[in-house]
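For reference, run-v2.cif is printed below; it contains mmCIF, N, CA and C atoms.
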```cif
data_start
loop_
_atom_site.label_atom_id
_atom_site.label_comp_id
_atom_site.auth_asym_id
_atom_site.auth_seq_id
_atom_site.Cartn_x
_atom_site.Cartn_y
_atom_site.Cartn_z
N GLN T 26 -193.01 -101.81 -27.59
CA GLN T 26 -194.20 -102.08 -26.79
C GLN T 26 -193.78 -102.75 -25.48
N VAL T 27 -194.56 -102.51 -24.43
CA VAL T 27 -194.25 -103.12 -23.14
C VAL T 27 -195.55 -103.45 -22.42
N GLN T 28 -195.61 -104.61 -21.82
CA GLN T 28 -196.75 -105.00 -21.00
C GLN T 28 -196.34 -104.90 -19.53
N LEU T 29 -197.28 -104.40 -18.74
CA LEU T 29 -197.02 -104.17 -17.32
C LEU T 29 -198.01 -104.96 -16.48
N VAL T 30 -197.52 -105.61 -15.45
CA VAL T 30 -198.38 -106.38 -14.56
C VAL T 30 -198.10 -105.95 -13.12
N GLU T 31 -199.13 -105.38 -12.48
CA GLU T 31 -198.99 -104.96 -11.09
C GLU T 31 -199.39 -106.09 -10.14
N SER T 32 -198.82 -106.06 -8.97
CA SER T 32 -199.19 -107.00 -7.91
C SER T 32 -198.86 -106.39 -6.56
N GLY T 33 -199.39 -107.01 -5.52
CA GLY T 33 -199.07 -106.58 -4.16
C GLY T 33 -200.19 -105.85 -3.44
N GLY T 34 -201.26 -105.52 -4.13
CA GLY T 34 -202.37 -104.84 -3.48
C GLY T 34 -203.05 -105.76 -2.47
N ASP T 35 -203.61 -105.14 -1.44
CA ASP T 35 -204.22 -105.95 -0.37
C ASP T 35 -205.05 -105.04 0.52
N LEU T 36 -205.73 -105.66 1.48
CA LEU T 36 -206.41 -104.94 2.55
C LEU T 36 -205.43 -104.82 3.71
N VAL T 37 -205.24 -103.60 4.19
CA VAL T 37 -204.28 -103.37 5.27
C VAL T 37 -204.86 -102.36 6.25
N GLN T 38 -204.48 -102.47 7.49
CA GLN T 38 -204.96 -101.54 8.51
C GLN T 38 -204.20 -100.22 8.43
N PRO T 39 -204.83 -99.14 8.87
CA PRO T 39 -204.11 -97.86 8.93
C PRO T 39 -202.81 -97.99 9.71
N GLY T 40 -201.77 -97.36 9.19
CA GLY T 40 -200.46 -97.46 9.81
C GLY T 40 -199.62 -98.59 9.27
N GLY T 41 -200.22 -99.47 8.50
CA GLY T 41 -199.51 -100.61 7.95
C GLY T 41 -198.70 -100.27 6.71
N SER T 42 -198.09 -101.30 6.14
CA SER T 42 -197.24 -101.13 4.97
C SER T 42 -197.59 -102.15 3.89
N LEU T 43 -197.31 -101.78 2.66
CA LEU T 43 -197.45 -102.67 1.52
C LEU T 43 -196.34 -102.34 0.53
N ARG T 44 -195.96 -103.34 -0.26
CA ARG T 44 -195.06 -103.08 -1.37
C ARG T 44 -195.71 -103.55 -2.66
N LEU T 45 -195.91 -102.63 -3.57
CA LEU T 45 -196.46 -102.94 -4.88
C LEU T 45 -195.31 -103.21 -5.85
N SER T 46 -195.57 -104.11 -6.78
CA SER T 46 -194.59 -104.44 -7.82
C SER T 46 -195.22 -104.24 -9.19
N CYS T 47 -194.42 -103.79 -10.12
CA CYS T 47 -194.84 -103.63 -11.51
C CYS T 47 -193.80 -104.32 -12.38
N ALA T 48 -194.17 -105.49 -12.90
CA ALA T 48 -193.25 -106.27 -13.71
C ALA T 48 -193.47 -105.94 -15.18
N ALA T 49 -192.39 -105.64 -15.87
CA ALA T 49 -192.45 -105.28 -17.29
C ALA T 49 -192.06 -106.48 -18.15
N SER T 50 -192.60 -106.50 -19.37
CA SER T 50 -192.36 -107.63 -20.28
C SER T 50 -191.06 -107.50 -21.04
N ARG T 51 -190.37 -106.38 -20.88
CA ARG T 51 -189.11 -106.16 -21.58
C ARG T 51 -188.16 -105.40 -20.68
N ASN T 52 -186.96 -105.27 -21.14
CA ASN T 52 -185.94 -104.55 -20.39
C ASN T 52 -186.38 -103.10 -20.19
N ILE T 53 -186.29 -102.64 -18.95
CA ILE T 53 -186.74 -101.28 -18.65
C ILE T 53 -185.59 -100.29 -18.56
N PHE T 54 -184.38 -100.76 -18.83
CA PHE T 54 -183.21 -99.90 -18.67
C PHE T 54 -183.37 -98.61 -19.47
N SER T 55 -183.93 -98.73 -20.67
CA SER T 55 -184.03 -97.56 -21.55
C SER T 55 -185.35 -96.80 -21.41
N ILE T 56 -186.22 -97.27 -20.54
CA ILE T 56 -187.50 -96.58 -20.34
C ILE T 56 -187.27 -95.43 -19.38
N ASN T 57 -187.38 -94.22 -19.88
CA ASN T 57 -187.00 -93.09 -19.07
C ASN T 57 -187.99 -92.79 -17.96
N TYR T 58 -189.26 -93.00 -18.22
CA TYR T 58 -190.28 -92.63 -17.23
C TYR T 58 -191.13 -93.83 -16.86
N MET T 59 -191.23 -94.08 -15.56
CA MET T 59 -192.19 -95.07 -15.05
C MET T 59 -192.81 -94.47 -13.80
N GLY T 60 -194.09 -94.74 -13.64
CA GLY T 60 -194.77 -94.12 -12.51
C GLY T 60 -195.88 -94.98 -11.95
N TRP T 61 -196.29 -94.63 -10.76
CA TRP T 61 -197.44 -95.24 -10.10
C TRP T 61 -198.53 -94.19 -9.98
N TYR T 62 -199.75 -94.60 -10.33
CA TYR T 62 -200.91 -93.72 -10.28
C TYR T 62 -201.99 -94.38 -9.43
N ARG T 63 -202.87 -93.55 -8.90
CA ARG T 63 -203.97 -94.04 -8.08
C ARG T 63 -205.28 -93.48 -8.60
N GLN T 64 -206.30 -94.33 -8.58
CA GLN T 64 -207.63 -93.89 -9.00
C GLN T 64 -208.66 -94.38 -8.00
N VAL T 65 -209.56 -93.46 -7.64
CA VAL T 65 -210.69 -93.82 -6.79
C VAL T 65 -211.96 -93.52 -7.55
N PRO T 66 -213.05 -94.18 -7.21
CA PRO T 66 -214.30 -93.98 -7.95
C PRO T 66 -214.72 -92.51 -7.98
N GLY T 67 -215.07 -92.05 -9.16
CA GLY T 67 -215.55 -90.69 -9.31
C GLY T 67 -214.47 -89.64 -9.46
N LYS T 68 -213.20 -90.07 -9.43
CA LYS T 68 -212.10 -89.13 -9.55
C LYS T 68 -211.16 -89.56 -10.66
N GLU T 69 -210.41 -88.59 -11.16
CA GLU T 69 -209.44 -88.90 -12.20
C GLU T 69 -208.22 -89.61 -11.61
N ARG T 70 -207.59 -90.35 -12.47
CA ARG T 70 -206.35 -91.01 -12.06
C ARG T 70 -205.29 -89.95 -11.78
N GLU T 71 -204.58 -90.11 -10.65
CA GLU T 71 -203.58 -89.12 -10.28
C GLU T 71 -202.24 -89.80 -10.02
N VAL T 72 -201.18 -89.07 -10.32
CA VAL T 72 -199.85 -89.62 -10.12
C VAL T 72 -199.51 -89.62 -8.64
N VAL T 73 -198.93 -90.72 -8.21
CA VAL T 73 -198.50 -90.88 -6.82
C VAL T 73 -196.99 -90.71 -6.72
N ALA T 74 -196.27 -91.38 -7.64
CA ALA T 74 -194.81 -91.31 -7.63
C ALA T 74 -194.30 -91.68 -9.00
N SER T 75 -193.13 -91.14 -9.36
CA SER T 75 -192.54 -91.46 -10.64
C SER T 75 -191.03 -91.54 -10.50
N ILE T 76 -190.43 -92.24 -11.46
CA ILE T 76 -188.97 -92.42 -11.43
C ILE T 76 -188.46 -92.44 -12.85
N THR T 77 -187.33 -91.79 -13.07
CA THR T 77 -186.74 -91.76 -14.39
C THR T 77 -185.60 -92.78 -14.48
N ALA T 78 -185.08 -92.93 -15.70
CA ALA T 78 -183.95 -93.84 -15.89
C ALA T 78 -182.73 -93.38 -15.10
N GLY T 79 -182.65 -92.08 -14.89
CA GLY T 79 -181.55 -91.54 -14.11
C GLY T 79 -181.79 -91.59 -12.62
N ILE T 80 -182.85 -92.29 -12.21
CA ILE T 80 -183.23 -92.52 -10.82
C ILE T 80 -183.67 -91.24 -10.12
N SER T 81 -184.12 -90.28 -10.90
CA SER T 81 -184.74 -89.10 -10.31
C SER T 81 -186.17 -89.44 -9.95
N THR T 82 -186.60 -89.06 -8.75
CA THR T 82 -187.93 -89.42 -8.29
C THR T 82 -188.76 -88.19 -7.98
N ASN T 83 -190.08 -88.36 -8.10
CA ASN T 83 -191.02 -87.32 -7.72
C ASN T 83 -192.20 -87.97 -7.01
N TYR T 84 -192.75 -87.24 -6.05
CA TYR T 84 -193.86 -87.77 -5.26
C TYR T 84 -194.97 -86.74 -5.13
N ALA T 85 -196.19 -87.24 -5.06
CA ALA T 85 -197.30 -86.37 -4.72
C ALA T 85 -197.12 -85.89 -3.27
N ASP T 86 -197.55 -84.68 -2.99
CA ASP T 86 -197.38 -84.12 -1.65
C ASP T 86 -198.00 -85.03 -0.59
N SER T 87 -199.08 -85.68 -0.93
CA SER T 87 -199.82 -86.49 0.04
C SER T 87 -199.06 -87.74 0.48
N VAL T 88 -198.03 -88.14 -0.28
CA VAL T 88 -197.30 -89.37 0.06
C VAL T 88 -195.85 -89.14 0.39
N LYS T 89 -195.39 -87.91 0.27
CA LYS T 89 -193.97 -87.61 0.57
C LYS T 89 -193.63 -88.02 1.99
N GLY T 90 -192.50 -88.70 2.12
CA GLY T 90 -192.06 -89.15 3.43
C GLY T 90 -192.64 -90.50 3.84
N ARG T 91 -193.62 -90.99 3.08
CA ARG T 91 -194.25 -92.28 3.42
C ARG T 91 -194.04 -93.34 2.33
N PHE T 92 -194.01 -92.92 1.08
CA PHE T 92 -193.87 -93.84 -0.04
C PHE T 92 -192.48 -93.71 -0.66
N ILE T 93 -191.99 -94.82 -1.18
CA ILE T 93 -190.71 -94.82 -1.88
C ILE T 93 -190.86 -95.62 -3.18
N ILE T 94 -190.51 -94.98 -4.29
CA ILE T 94 -190.52 -95.66 -5.58
C ILE T 94 -189.09 -96.04 -5.93
N SER T 95 -188.94 -97.22 -6.51
CA SER T 95 -187.61 -97.68 -6.92
C SER T 95 -187.76 -98.56 -8.15
N ARG T 96 -186.66 -98.77 -8.83
CA ARG T 96 -186.68 -99.63 -10.02
C ARG T 96 -185.49 -100.57 -9.98
N ASP T 97 -185.72 -101.78 -10.46
CA ASP T 97 -184.68 -102.81 -10.58
C ASP T 97 -184.56 -103.15 -12.05
N ASN T 98 -183.52 -102.63 -12.68
CA ASN T 98 -183.37 -102.83 -14.13
C ASN T 98 -182.96 -104.26 -14.48
N VAL T 99 -182.52 -105.03 -13.51
CA VAL T 99 -182.18 -106.44 -13.76
C VAL T 99 -183.45 -107.28 -13.76
N LYS T 100 -184.32 -107.00 -12.79
CA LYS T 100 -185.59 -107.74 -12.71
C LYS T 100 -186.69 -107.11 -13.55
N ASN T 101 -186.39 -105.97 -14.18
CA ASN T 101 -187.39 -105.29 -15.01
C ASN T 101 -188.66 -104.98 -14.21
N THR T 102 -188.46 -104.50 -13.02
CA THR T 102 -189.57 -104.27 -12.11
C THR T 102 -189.43 -102.91 -11.42
N VAL T 103 -190.57 -102.26 -11.26
CA VAL T 103 -190.64 -101.02 -10.49
C VAL T 103 -191.47 -101.30 -9.23
N TYR T 104 -191.01 -100.77 -8.12
CA TYR T 104 -191.67 -101.02 -6.84
C TYR T 104 -192.22 -99.72 -6.26
N LEU T 105 -193.23 -99.88 -5.43
CA LEU T 105 -193.72 -98.76 -4.63
C LEU T 105 -193.86 -99.27 -3.20
N GLN T 106 -192.96 -98.84 -2.34
CA GLN T 106 -193.03 -99.18 -0.93
C GLN T 106 -193.92 -98.14 -0.25
N MET T 107 -194.98 -98.61 0.36
CA MET T 107 -195.96 -97.72 0.99
C MET T 107 -195.96 -97.97 2.49
N ASN T 108 -195.61 -96.95 3.24
CA ASN T 108 -195.55 -97.05 4.71
C ASN T 108 -196.55 -96.08 5.33
N SER T 109 -196.84 -96.32 6.59
CA SER T 109 -197.76 -95.44 7.34
C SER T 109 -199.03 -95.17 6.55
N LEU T 110 -199.61 -96.23 6.05
CA LEU T 110 -200.78 -96.09 5.17
C LEU T 110 -201.96 -95.48 5.89
N LYS T 111 -202.72 -94.69 5.12
CA LYS T 111 -203.89 -93.99 5.63
C LYS T 111 -205.11 -94.42 4.82
N PRO T 112 -206.30 -94.28 5.37
CA PRO T 112 -207.50 -94.64 4.61
C PRO T 112 -207.59 -93.90 3.26
N GLU T 113 -207.11 -92.69 3.20
CA GLU T 113 -207.17 -91.93 1.95
C GLU T 113 -206.19 -92.44 0.89
N ASP T 114 -205.34 -93.41 1.24
CA ASP T 114 -204.48 -94.05 0.24
C ASP T 114 -205.22 -95.14 -0.53
N THR T 115 -206.42 -95.43 -0.11
CA THR T 115 -207.22 -96.47 -0.76
C THR T 115 -207.48 -96.12 -2.22
N GLY T 116 -207.39 -97.13 -3.07
CA GLY T 116 -207.67 -96.93 -4.49
C GLY T 116 -207.06 -98.06 -5.31
N VAL T 117 -207.27 -97.97 -6.61
CA VAL T 117 -206.63 -98.89 -7.54
C VAL T 117 -205.33 -98.23 -8.00
N TYR T 118 -204.25 -98.94 -7.86
CA TYR T 118 -202.93 -98.42 -8.21
C TYR T 118 -202.50 -99.00 -9.56
N TYR T 119 -202.14 -98.11 -10.46
CA TYR T 119 -201.73 -98.48 -11.81
C TYR T 119 -200.26 -98.10 -12.03
N CYS T 120 -199.60 -98.93 -12.80
CA CYS T 120 -198.24 -98.67 -13.23
C CYS T 120 -198.27 -98.13 -14.65
N LYS T 121 -197.42 -97.18 -14.92
CA LYS T 121 -197.38 -96.57 -16.26
C LYS T 121 -195.92 -96.49 -16.71
N ALA T 122 -195.73 -96.75 -18.00
CA ALA T 122 -194.42 -96.58 -18.63
C ALA T 122 -194.58 -95.69 -19.85
N ARG T 123 -193.64 -94.78 -20.01
CA ARG T 123 -193.65 -93.93 -21.18
C ARG T 123 -192.43 -94.27 -22.03
N VAL T 124 -192.71 -94.68 -23.27
CA VAL T 124 -191.65 -95.05 -24.20
C VAL T 124 -191.81 -94.17 -25.43
N GLY T 125 -190.93 -93.21 -25.57
CA GLY T 125 -191.08 -92.25 -26.65
C GLY T 125 -192.39 -91.50 -26.50
N ILE T 126 -193.23 -91.57 -27.52
CA ILE T 126 -194.52 -90.87 -27.48
C ILE T 126 -195.63 -91.77 -26.98
N TYR T 127 -195.31 -93.00 -26.66
CA TYR T 127 -196.33 -93.97 -26.28
C TYR T 127 -196.38 -94.16 -24.77
N GLU T 128 -197.60 -94.41 -24.29
CA GLU T 128 -197.80 -94.69 -22.88
C GLU T 128 -198.44 -96.06 -22.72
N TYR T 129 -197.98 -96.79 -21.74
CA TYR T 129 -198.48 -98.13 -21.47
C TYR T 129 -198.91 -98.21 -20.00
N TRP T 130 -200.03 -98.92 -19.79
CA TRP T 130 -200.59 -99.06 -18.46
C TRP T 130 -200.77 -100.53 -18.10
N GLY T 131 -200.66 -100.82 -16.81
CA GLY T 131 -201.01 -102.13 -16.32
C GLY T 131 -202.50 -102.20 -16.02
N GLN T 132 -202.93 -103.34 -15.49
CA GLN T 132 -204.35 -103.55 -15.24
C GLN T 132 -204.78 -103.03 -13.87
N GLY T 133 -203.83 -102.70 -13.01
CA GLY T 133 -204.14 -102.14 -11.70
C GLY T 133 -204.19 -103.18 -10.60
N THR T 134 -203.94 -102.72 -9.39
CA THR T 134 -204.03 -103.57 -8.21
C THR T 134 -204.70 -102.78 -7.10
N GLN T 135 -205.64 -103.42 -6.41
CA GLN T 135 -206.45 -102.72 -5.42
C GLN T 135 -205.73 -102.64 -4.08
N VAL T 136 -205.69 -101.43 -3.53
CA VAL T 136 -205.18 -101.22 -2.18
C VAL T 136 -206.31 -100.65 -1.33
N THR T 137 -206.60 -101.31 -0.24
CA THR T 137 -207.65 -100.84 0.66
C THR T 137 -207.06 -100.69 2.05
N VAL T 138 -207.17 -99.48 2.59
CA VAL T 138 -206.66 -99.20 3.93
C VAL T 138 -207.86 -98.96 4.84
N SER T 139 -208.09 -99.89 5.72
CA SER T 139 -209.28 -99.82 6.57
C SER T 139 -209.09 -100.68 7.80
N SER T 140 -209.70 -100.24 8.90
CA SER T 140 -209.66 -101.03 10.12
C SER T 140 -210.89 -101.92 10.21
#
```
In structure tokens, what does this structure look like?
Amino acid sequence: QVQLVESGGDLVQPGGSLRLSCAASRNIFSINYMGWYRQVPGKEREVVASITAGISTNYADSVKGRFIISRDNVKNTVYLQMNSLKPEDTGVYYCKARVGIYEYWGQGTQVTVSS
């Protein structure tokens, strides 16, 4: 089992940057899949970026070239660096970990991009 706690969400102007953090309650070295998801009211949660234990990354087309996902296996934390933010990046960002057949989610952190 793993507990995830997200932080770093904020109100930011278009063009600005934020870094989200997802702190895990246990060692993440063996967790093969961790990802960041975004949800807006009335829509399903969608994957923004993911990273494997082998440091392979994937990004949604809408964030390619602007967002960077990374993991620190010493700090047991996954990060999402968000640059050149747009109003459509607004939403609640959730961290997810997949351990075997089980999936774990954090409580989410709000990101609002607005002038």
In the coordinates of the file, take the point (-188.2, -105.8, -21.8) and a cut-off of 8 Å; then, counting only N, CA and C atoms, name each qualifying protein, DNA or RNA residue as a ChimeraX atom specification. /T:26-28,49-54,101
Hey, what's within 8 Å of range 63-77 of chain T if we count only C-alpha atoms and toss same-chain stuff fewer than 4 positions away? As a list in words, please?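 Once the nearby chain positions are removed, what remains is Ile56, Asn57, Tyr58, Met59, Ser81, Thr82, Asn83, Tyr84, Ala85, Val88, Ile93, Ile94, Ser95, Arg96, Thr115, Gly116, Val117, Tyr118 and Tyr119 of chain T.
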From a DSSP pass on the backbone, collect the residues of chain T flagged as strand (DSSP E) and hand them back as number ranges by chain. T: 29-32, 36-37, 43-49, 58-64, 71-77, 82-84, 92-97, 102-107, 116-124, 127-130, 134-138
Any idea what the distance is between atom N of Leu36 in chain T and atom C of Asp114 in chain T?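 Taking atom N of Leu36 in chain T as the start and atom C of Asp114 in chain T as the end point, the length is 10.7 Å.
Once the PyMOL selection byres ((chain T and resi 133) around 6.5) is applied to the shown structure, the selection contains Glu31, Ser32, Val117, Tyr118, Tyr119, Cys120, Trp130, Gly131, Gln132, Thr134 and Gln135 of chain T.
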Atomic distance atom N of Phe92 in chain T - atom C of Gln106 in chain T, expressed in Å with one decimal: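 Here the two named atoms are 5.4 Å from each other.
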Quick check, in Å to one decimal: how far apart do CA of Tyr127 in chain T and CA of Asp97 in chain T lie?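 A separation of 21.5 Å between them.
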Which residues, written as a tab-separated table (two decimals) with N, CA and C atoms, keeping the file's coordinate frame, have at least one atom at most 9 Å from Ser139 in chain T, with only C-alpha atoms counted and residues fewer than 2 positions away on the same chain left out?
```tsv
chain	number	residue	atom	x	y	z
T	36	LEU	N	-205.73	-105.66	1.48
T	36	LEU	CA	-206.41	-104.94	2.55
T	36	LEU	C	-205.43	-104.82	3.71
T	37	VAL	N	-205.24	-103.60	4.19
T	37	VAL	CA	-204.28	-103.37	5.27
T	37	VAL	C	-204.86	-102.36	6.25
T	38	GLN	N	-204.48	-102.47	7.49
T	38	GLN	CA	-204.96	-101.54	8.51
T	38	GLN	C	-204.20	-100.22	8.43
T	39	PRO	N	-204.83	-99.14	8.87
T	39	PRO	CA	-204.11	-97.86	8.93
T	39	PRO	C	-202.81	-97.99	9.71
T	111	LYS	N	-202.72	-94.69	5.12
T	111	LYS	CA	-203.89	-93.99	5.63
T	111	LYS	C	-205.11	-94.42	4.82
T	112	PRO	N	-206.30	-94.28	5.37
T	112	PRO	CA	-207.50	-94.64	4.61
T	112	PRO	C	-207.59	-93.90	3.26
T	115	THR	N	-206.42	-95.43	-0.11
T	115	THR	CA	-207.22	-96.47	-0.76
T	115	THR	C	-207.48	-96.12	-2.22
T	137	THR	N	-206.60	-101.31	-0.24
T	137	THR	CA	-207.65	-100.84	0.66
T	137	THR	C	-207.06	-100.69	2.05
```
Which one of T:Val99, T:Leu105, T:Val124, T:Val138 sits closest to Ser46 in chain T if you count only C-alpha atoms?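 Using only C-alpha atoms, Ser46 in chain T sits closest to T:Leu105.
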Reconstructed range 83-93 of chain T, atom set all heavy atoms, as a tab-separated table (two decimals), in the frame of the given file:
```tsv
chain	number	residue	atom	x	y	z
T	83	ASN	N	-190.08	-88.36	-8.10
T	83	ASN	CA	-191.02	-87.32	-7.72
T	83	ASN	C	-192.20	-87.97	-7.01
T	83	ASN	O	-192.59	-89.09	-7.35
T	83	ASN	CB	-191.52	-86.54	-8.94
T	83	ASN	CG	-190.52	-85.50	-9.39
T	83	ASN	OD1	-190.34	-84.48	-8.73
T	83	ASN	ND2	-189.86	-85.76	-10.50
T	84	TYR	N	-192.75	-87.24	-6.05
T	84	TYR	CA	-193.86	-87.77	-5.26
T	84	TYR	C	-194.97	-86.74	-5.13
T	84	TYR	O	-194.72	-85.53	-5.06
T	84	TYR	CB	-193.38	-88.14	-3.85
T	84	TYR	CG	-192.35	-89.23	-3.82
T	84	TYR	CD1	-190.99	-88.94	-3.83
T	84	TYR	CD2	-192.73	-90.57	-3.78
T	84	TYR	CE1	-190.04	-89.94	-3.81
T	84	TYR	CE2	-191.79	-91.59	-3.76
T	84	TYR	CZ	-190.44	-91.26	-3.77
T	84	TYR	OH	-189.50	-92.26	-3.77
T	85	ALA	N	-196.19	-87.24	-5.06
T	85	ALA	CA	-197.30	-86.37	-4.72
T	85	ALA	C	-197.12	-85.89	-3.27
T	85	ALA	O	-196.58	-86.62	-2.43
T	85	ALA	CB	-198.62	-87.12	-4.84
T	86	ASP	N	-197.55	-84.68	-2.99
T	86	ASP	CA	-197.38	-84.12	-1.65
T	86	ASP	C	-198.00	-85.03	-0.59
T	86	ASP	O	-197.49	-85.14	0.53
T	86	ASP	CB	-198.01	-82.73	-1.57
T	86	ASP	CG	-197.19	-81.69	-2.32
T	86	ASP	OD1	-196.01	-81.96	-2.60
T	86	ASP	OD2	-197.75	-80.62	-2.61
T	87	SER	N	-199.08	-85.68	-0.93
T	87	SER	CA	-199.82	-86.49	0.04
T	87	SER	C	-199.06	-87.74	0.48
T	87	SER	O	-199.41	-88.35	1.50
T	87	SER	CB	-201.18	-86.89	-0.53
T	87	SER	OG	-201.01	-87.67	-1.70
T	88	VAL	N	-198.03	-88.14	-0.28
T	88	VAL	CA	-197.30	-89.37	0.06
T	88	VAL	C	-195.85	-89.14	0.39
T	88	VAL	O	-195.13	-90.08	0.75
T	88	VAL	CB	-197.42	-90.42	-1.07
T	88	VAL	CG1	-198.88	-90.66	-1.43
T	88	VAL	CG2	-196.61	-90.03	-2.29
T	89	LYS	N	-195.39	-87.91	0.27
T	89	LYS	CA	-193.97	-87.61	0.57
T	89	LYS	C	-193.63	-88.02	1.99
T	89	LYS	O	-194.36	-87.73	2.93
T	89	LYS	CB	-193.71	-86.13	0.36
T	89	LYS	CG	-193.56	-85.72	-1.08
T	89	LYS	CD	-193.26	-84.23	-1.21
T	89	LYS	CE	-193.13	-83.83	-2.67
T	89	LYS	NZ	-192.92	-82.37	-2.83
T	90	GLY	N	-192.50	-88.70	2.12
T	90	GLY	CA	-192.06	-89.15	3.43
T	90	GLY	C	-192.64	-90.50	3.84
T	90	GLY	O	-192.22	-91.08	4.85
T	91	ARG	N	-193.62	-90.99	3.08
T	91	ARG	CA	-194.25	-92.28	3.42
T	91	ARG	C	-194.04	-93.34	2.33
T	91	ARG	O	-193.92	-94.53	2.65
T	91	ARG	CB	-195.74	-92.09	3.64
T	91	ARG	CG	-196.10	-91.15	4.77
T	91	ARG	CD	-197.59	-91.17	5.07
T	91	ARG	NE	-198.40	-90.71	3.94
T	91	ARG	CZ	-199.35	-91.44	3.36
T	91	ARG	NH1	-199.59	-92.68	3.78
T	91	ARG	NH2	-200.04	-90.95	2.34
T	92	PHE	N	-194.01	-92.92	1.08
T	92	PHE	CA	-193.87	-93.84	-0.04
T	92	PHE	C	-192.48	-93.71	-0.66
T	92	PHE	O	-191.91	-92.61	-0.69
T	92	PHE	CB	-194.91	-93.55	-1.12
T	92	PHE	CG	-196.32	-93.89	-0.75
T	92	PHE	CD1	-196.69	-94.21	0.55
T	92	PHE	CD2	-197.31	-93.88	-1.73
T	92	PHE	CE1	-198.00	-94.52	0.88
T	92	PHE	CE2	-198.62	-94.19	-1.42
T	92	PHE	CZ	-198.97	-94.50	-0.12
T	93	ILE	N	-191.99	-94.82	-1.18
T	93	ILE	CA	-190.71	-94.82	-1.88
T	93	ILE	C	-190.86	-95.62	-3.18
T	93	ILE	O	-191.27	-96.78	-3.15
T	93	ILE	CB	-189.59	-95.45	-1.02
T	93	ILE	CG1	-189.42	-94.69	0.29
T	93	ILE	CG2	-188.28	-95.47	-1.80
T	93	ILE	CD1	-188.47	-95.36	1.26
```
